[in-house]
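Student: Handing you a structure now.
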Amino acid sequence: MTKILIVGHGLSGAVLSHTLLDQGLDVSCIDAQIDYSASPVGAGLINPFIGPKLNLPEDLDTCLGANEVFFRKWGKKSGLNIYKSEYLTRIFKNEKQALKWPLLEQQNSSSRFAISFISNDELKNLGITASFGAGRTKTYRLNIQQFLKLSKEELSSQGRFEQNSFTEIDGNQWDIVIFAEGYNVIKNFFFNWLPFEPAQGEVLEFTGPKFPASSNGTWFLPQSENHFKSGSTWEHQKINSGPTDKGRNAIYKNLDFMPIAQYKEIDHISGIRSGSIDRNPIVGQHPEIKKYFIFNGFGSRGSTTIKRTADFLTNFITRNIPLPAKIDLQRFKNRSPS
């Protein structure tokens with residue numbers, strides 16, 4: 001049987017490991033626990049409307065369907081609600097967003113996510129200030145940290161997990177090695193020629209009175225009735241700096257839609273997302289070393305897209321079904337050092 005090693009046990013490595021295992025493959029995973037990994041701090045918010053233009057991704061339905069089957073199975077097996085639907089108050093930042101919302105409510109593709117306008121009276125009762133109004137959005141939330149804990153426990157119980165770094169000597173023991181190591185890919189000798197664009201994101205944690213899940217581009221999400229996470233920022237330069245005053249100030253500034261003075265900050269954390277130059281994942285087989293693969297570059301949409309992308313790579317490995325061109329690393333083959 002083909003022996004596969006996954007390098008990295010963040011969200012991408014964990015999901016890919018179990019996707020391959022579900023196909024009956026012999027899979028093991030190692031993780032070096034690098035500093036500032038994104039998964040331990042990720043909020044896991046799956047928001048259908050991305051960016052200030054409130055666009056709906058074309059692959060959203062297939063991604064949500066893949067997530068539903070995969071993560072619900074984990075929830076049922078563990079008895080924990082690690083993947084759930086919820087409502088988000090989407091605060092409009094300008095008149096264009098407010099005018100677009102009724103169109104989203106009417107379109108077949110988006111009406112099930114753009115639920116309704118929220119009246120001024122309701123916004124006032126919620127303690128939300130929104131000059132251009134707000135809409136109620138159906139979203140999903142993945143408890144990334146709980147899933148990673150469950151994944152590690154299951155892999156460890158089967159002798160498939162080791163806390164370690166990868167070396168080429170290790171690679172000789174495996175038929176296939178898949179690098180899913182997050183932003184640390186920029187140090188990967190085999191794939192550092194690919195155009196990754198890592199970005200640091202900072203997150204604040206608060207305690208305080210009950211407040212609904214809300215976002216104006218910066219989100220404020222309840223973790224429990226009185227515990228909240230808020231973020232996130234984008235920094236492409238000093239990505240290894242850890243939490244900064246600049247990041248904290250940016251989050252507070254953007255939380256002007258709520259009475260933030262009523263909340264106590266209890267933590268300030270940061271992580272580094274592994275994005276790409278065209279904002280699509282970079283997945284596929286090394287152009288020369290055929291046993292080496294990459295599974296990376298998911299950016300801020302990882303909770304939405306990783307499972308569906310894991311299915312694509314699994315089909316490529318097991319059935320030789322070509323990868324979609326927009327995620328295949330072959331789109332950057334002119335950058336290869338060979």
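FYI, nothing fancy with the structure tokens labels: chains A, B, ... in order, residues from 1 per chain, ligands from 1 as they appear.
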Could you give me, as a ChimeraX atom specification, the residues within 12 Å of stretch 103-112 of chain A, counting only C-alpha atoms and dropping anything in the same chain fewer than 2 positions from it?
Tutor: /A:47-49,53-61,87,96-101,114-117,135-139
Student: Could you pull out the alpha helix (DSSP H) residues of stretch 95-302 of chain A, going by DSSP on the backbone, and write them as a tab-separated table (two decimals) with N, CA, C and O atoms, in the first residue's frame?
Tutor:
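Output below, filename states_6.tsv:
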```tsv
chain	number	residue	atom	x	y	z
A	95	GLU	N	-23.01	53.23	1.34
A	95	GLU	CA	-24.33	53.17	0.70
A	95	GLU	C	-24.39	52.07	-0.36
A	95	GLU	O	-25.45	51.45	-0.56
A	96	LYS	N	-23.26	51.81	-1.04
A	96	LYS	CA	-23.25	50.76	-2.06
A	96	LYS	C	-23.63	49.40	-1.48
A	96	LYS	O	-24.39	48.64	-2.08
A	97	GLN	N	-23.09	49.09	-0.31
A	97	GLN	CA	-23.43	47.82	0.33
A	97	GLN	C	-24.90	47.78	0.71
A	97	GLN	O	-25.57	46.74	0.52
A	98	ALA	N	-25.41	48.87	1.24
A	98	ALA	CA	-26.82	48.92	1.64
A	98	ALA	C	-27.74	48.75	0.44
A	98	ALA	O	-28.78	48.07	0.52
A	99	LEU	N	-27.37	49.33	-0.70
A	99	LEU	CA	-28.20	49.23	-1.90
A	99	LEU	C	-28.11	47.85	-2.55
A	99	LEU	O	-29.05	47.40	-3.20
A	100	LYS	N	-26.97	47.18	-2.36
A	100	LYS	CA	-26.80	45.85	-2.96
A	100	LYS	C	-27.56	44.78	-2.20
A	100	LYS	O	-27.96	43.77	-2.78
A	101	TRP	N	-27.79	44.99	-0.91
A	101	TRP	CA	-28.37	43.96	-0.07
A	101	TRP	C	-29.74	43.45	-0.57
A	101	TRP	O	-29.97	42.24	-0.62
A	102	PRO	N	-30.66	44.34	-0.97
A	102	PRO	CA	-31.96	43.84	-1.48
A	102	PRO	C	-31.80	42.95	-2.71
A	102	PRO	O	-32.57	42.01	-2.90
A	103	LEU	N	-30.79	43.23	-3.54
A	103	LEU	CA	-30.54	42.38	-4.71
A	103	LEU	C	-30.08	41.00	-4.29
A	103	LEU	O	-30.47	39.98	-4.87
A	104	LEU	N	-29.26	40.95	-3.25
A	104	LEU	CA	-28.79	39.66	-2.73
A	104	LEU	C	-29.94	38.85	-2.15
A	104	LEU	O	-29.97	37.62	-2.28
A	105	GLU	N	-30.89	39.55	-1.52
A	105	GLU	CA	-32.05	38.87	-0.94
A	105	GLU	C	-32.94	38.24	-2.01
A	105	GLU	O	-33.63	37.26	-1.75
A	106	GLN	N	-32.88	38.79	-3.24
A	106	GLN	CA	-33.78	38.34	-4.30
A	106	GLN	C	-33.16	37.29	-5.22
A	106	GLN	O	-33.87	36.54	-5.87
A	120	ASN	N	-33.75	49.65	12.20
A	120	ASN	CA	-33.02	50.58	13.07
A	120	ASN	C	-33.35	50.35	14.54
A	120	ASN	O	-32.48	50.45	15.41
A	121	ASP	N	-34.63	50.04	14.81
A	121	ASP	CA	-35.03	49.78	16.20
A	121	ASP	C	-34.31	48.55	16.76
A	121	ASP	O	-33.85	48.56	17.90
A	122	GLU	N	-34.21	47.49	15.93
A	122	GLU	CA	-33.53	46.28	16.40
A	122	GLU	C	-32.05	46.53	16.60
A	122	GLU	O	-31.45	46.07	17.58
A	123	LEU	N	-31.43	47.29	15.68
A	123	LEU	CA	-30.03	47.62	15.84
A	123	LEU	C	-29.79	48.39	17.13
A	123	LEU	O	-28.83	48.13	17.86
A	124	LYS	N	-30.68	49.31	17.43
A	124	LYS	CA	-30.55	50.09	18.66
A	124	LYS	C	-30.67	49.20	19.88
A	124	LYS	O	-29.91	49.33	20.85
A	125	ASN	N	-31.62	48.25	19.83
A	125	ASN	CA	-31.79	47.32	20.96
A	125	ASN	C	-30.58	46.42	21.15
A	125	ASN	O	-30.26	46.00	22.27
A	126	LEU	N	-29.90	46.13	20.04
A	126	LEU	CA	-28.71	45.29	20.11
A	126	LEU	C	-27.47	46.06	20.54
A	126	LEU	O	-26.42	45.46	20.82
A	144	ILE	N	-11.98	25.36	14.99
A	144	ILE	CA	-10.73	24.81	14.46
A	144	ILE	C	-9.92	24.14	15.56
A	144	ILE	O	-9.40	23.03	15.39
A	145	GLN	N	-9.81	24.82	16.69
A	145	GLN	CA	-8.95	24.30	17.76
A	145	GLN	C	-9.48	22.97	18.31
A	145	GLN	O	-8.71	22.05	18.60
A	146	GLN	N	-10.81	22.85	18.43
A	146	GLN	CA	-11.39	21.60	18.92
A	146	GLN	C	-11.19	20.47	17.90
A	146	GLN	O	-10.87	19.34	18.27
A	147	PHE	N	-11.37	20.80	16.63
A	147	PHE	CA	-11.16	19.79	15.60
A	147	PHE	C	-9.71	19.31	15.59
A	147	PHE	O	-9.44	18.10	15.48
A	148	LEU	N	-8.74	20.23	15.70
A	148	LEU	CA	-7.34	19.83	15.70
A	148	LEU	C	-7.01	18.95	16.89
A	148	LEU	O	-6.22	18.00	16.78
A	149	LYS	N	-7.62	19.24	18.04
A	149	LYS	CA	-7.42	18.41	19.22
A	149	LYS	C	-7.94	16.99	18.99
A	149	LYS	O	-7.26	16.00	19.28
A	150	LEU	N	-9.14	16.89	18.43
A	150	LEU	CA	-9.73	15.58	18.14
A	150	LEU	C	-8.90	14.83	17.10
A	150	LEU	O	-8.68	13.62	17.22
A	151	SER	N	-8.45	15.55	16.08
A	151	SER	CA	-7.65	14.93	15.03
A	151	SER	C	-6.35	14.37	15.59
A	151	SER	O	-5.96	13.23	15.29
A	152	LYS	N	-5.67	15.18	16.39
A	152	LYS	CA	-4.39	14.73	16.96
A	152	LYS	C	-4.59	13.51	17.85
A	152	LYS	O	-3.79	12.55	17.81
A	153	GLU	N	-5.66	13.52	18.64
A	153	GLU	CA	-5.94	12.38	19.52
A	153	GLU	C	-6.16	11.11	18.70
A	153	GLU	O	-5.65	10.04	19.04
A	154	GLU	N	-6.93	11.22	17.62
A	154	GLU	CA	-7.23	10.04	16.81
A	154	GLU	C	-6.00	9.54	16.08
A	154	GLU	O	-5.71	8.33	16.06
A	155	LEU	N	-5.25	10.45	15.47
A	155	LEU	CA	-4.04	10.04	14.77
A	155	LEU	C	-3.02	9.42	15.73
A	155	LEU	O	-2.39	8.40	15.42
A	156	SER	N	-2.89	10.02	16.92
A	156	SER	CA	-1.94	9.50	17.91
A	156	SER	C	-2.33	8.11	18.38
A	156	SER	O	-1.47	7.23	18.55
A	157	SER	N	-3.63	7.89	18.58
A	157	SER	CA	-4.10	6.59	19.06
A	157	SER	C	-3.83	5.49	18.05
A	157	SER	O	-3.73	4.31	18.40
A	168	GLU	N	15.01	15.37	4.62
A	168	GLU	CA	15.03	14.57	3.40
A	168	GLU	C	15.24	13.09	3.70
A	168	GLU	O	14.75	12.21	2.98
A	169	ILE	N	15.96	12.82	4.78
A	169	ILE	CA	16.15	11.42	5.18
A	169	ILE	C	14.80	10.79	5.52
A	169	ILE	O	14.50	9.65	5.14
A	170	ASP	N	13.94	11.58	6.23
A	170	ASP	CA	12.59	11.09	6.51
A	170	ASP	C	11.84	10.79	5.22
A	170	ASP	O	11.09	9.82	5.11
A	171	GLY	N	12.04	11.65	4.23
A	171	GLY	CA	11.31	11.51	2.98
A	171	GLY	C	11.55	10.20	2.28
A	171	GLY	O	10.69	9.70	1.55
A	245	ASP	N	0.94	46.82	19.03
A	245	ASP	CA	0.03	47.92	19.37
A	245	ASP	C	-0.71	48.40	18.13
A	245	ASP	O	-1.88	48.78	18.20
A	246	LYS	N	-0.03	48.39	16.98
A	246	LYS	CA	-0.66	48.80	15.73
A	246	LYS	C	-1.87	47.92	15.42
A	246	LYS	O	-2.94	48.42	15.05
A	247	GLY	N	-1.69	46.60	15.59
A	247	GLY	CA	-2.80	45.69	15.33
A	247	GLY	C	-3.93	45.88	16.31
A	247	GLY	O	-5.11	45.90	15.92
A	248	ARG	N	-3.61	46.00	17.59
A	248	ARG	CA	-4.64	46.22	18.60
A	248	ARG	C	-5.43	47.49	18.31
A	248	ARG	O	-6.67	47.50	18.34
A	249	ASN	N	-4.73	48.57	18.00
A	249	ASN	CA	-5.40	49.84	17.75
A	249	ASN	C	-6.31	49.77	16.53
A	249	ASN	O	-7.40	50.37	16.51
A	250	ALA	N	-5.87	49.02	15.51
A	250	ALA	CA	-6.70	48.88	14.30
A	250	ALA	C	-8.00	48.16	14.60
A	250	ALA	O	-9.07	48.53	14.10
A	251	ILE	N	-7.94	47.12	15.42
A	251	ILE	CA	-9.15	46.37	15.77
A	251	ILE	C	-10.09	47.25	16.58
A	251	ILE	O	-11.30	47.32	16.29
A	252	TYR	N	-9.57	47.93	17.60
A	252	TYR	CA	-10.42	48.81	18.40
A	252	TYR	C	-11.07	49.89	17.53
A	252	TYR	O	-12.27	50.20	17.69
A	253	LYS	N	-10.32	50.46	16.61
A	253	LYS	CA	-10.86	51.51	15.74
A	253	LYS	C	-12.03	51.00	14.92
A	253	LYS	O	-13.05	51.69	14.76
A	254	ASN	N	-11.92	49.77	14.42
A	254	ASN	CA	-12.96	49.21	13.57
A	254	ASN	C	-14.16	48.68	14.34
A	254	ASN	O	-15.19	48.36	13.74
A	302	GLY	N	-9.64	29.49	4.43
A	302	GLY	CA	-9.30	28.10	4.64
A	302	GLY	C	-10.43	27.26	5.22
A	302	GLY	O	-10.66	26.13	4.80
```
Student: Between atom CA of A:Ile269 and atom CA of A:Lys238, what is the spacing in Å?
Tutor: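 Going from atom CA of A:Lys238 over to atom CA of A:Ile269 covers 14.9 Å.
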Student: To test your reading of the structure, identify every residue in stretch 63-290 of chain A that backbone DSSP assigns to strand (DSSP E or B), and report it as a ChimeraX atom specification.
Tutor: /A:83-91,114-118,134-142,161-163,176-179,196,199-207,214-215,219-224,227-231,235,264-273,276,282-285
Student: Compare A:Gly208, A:Leu88, A:Glu162, A:Phe70 by their minimum atom-to-atom distance to A:Gln33, counting only C-alpha atoms, and give me the closest one.
Tutor: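 Result for the nearest residue to A:Gln33: A:Glu162.
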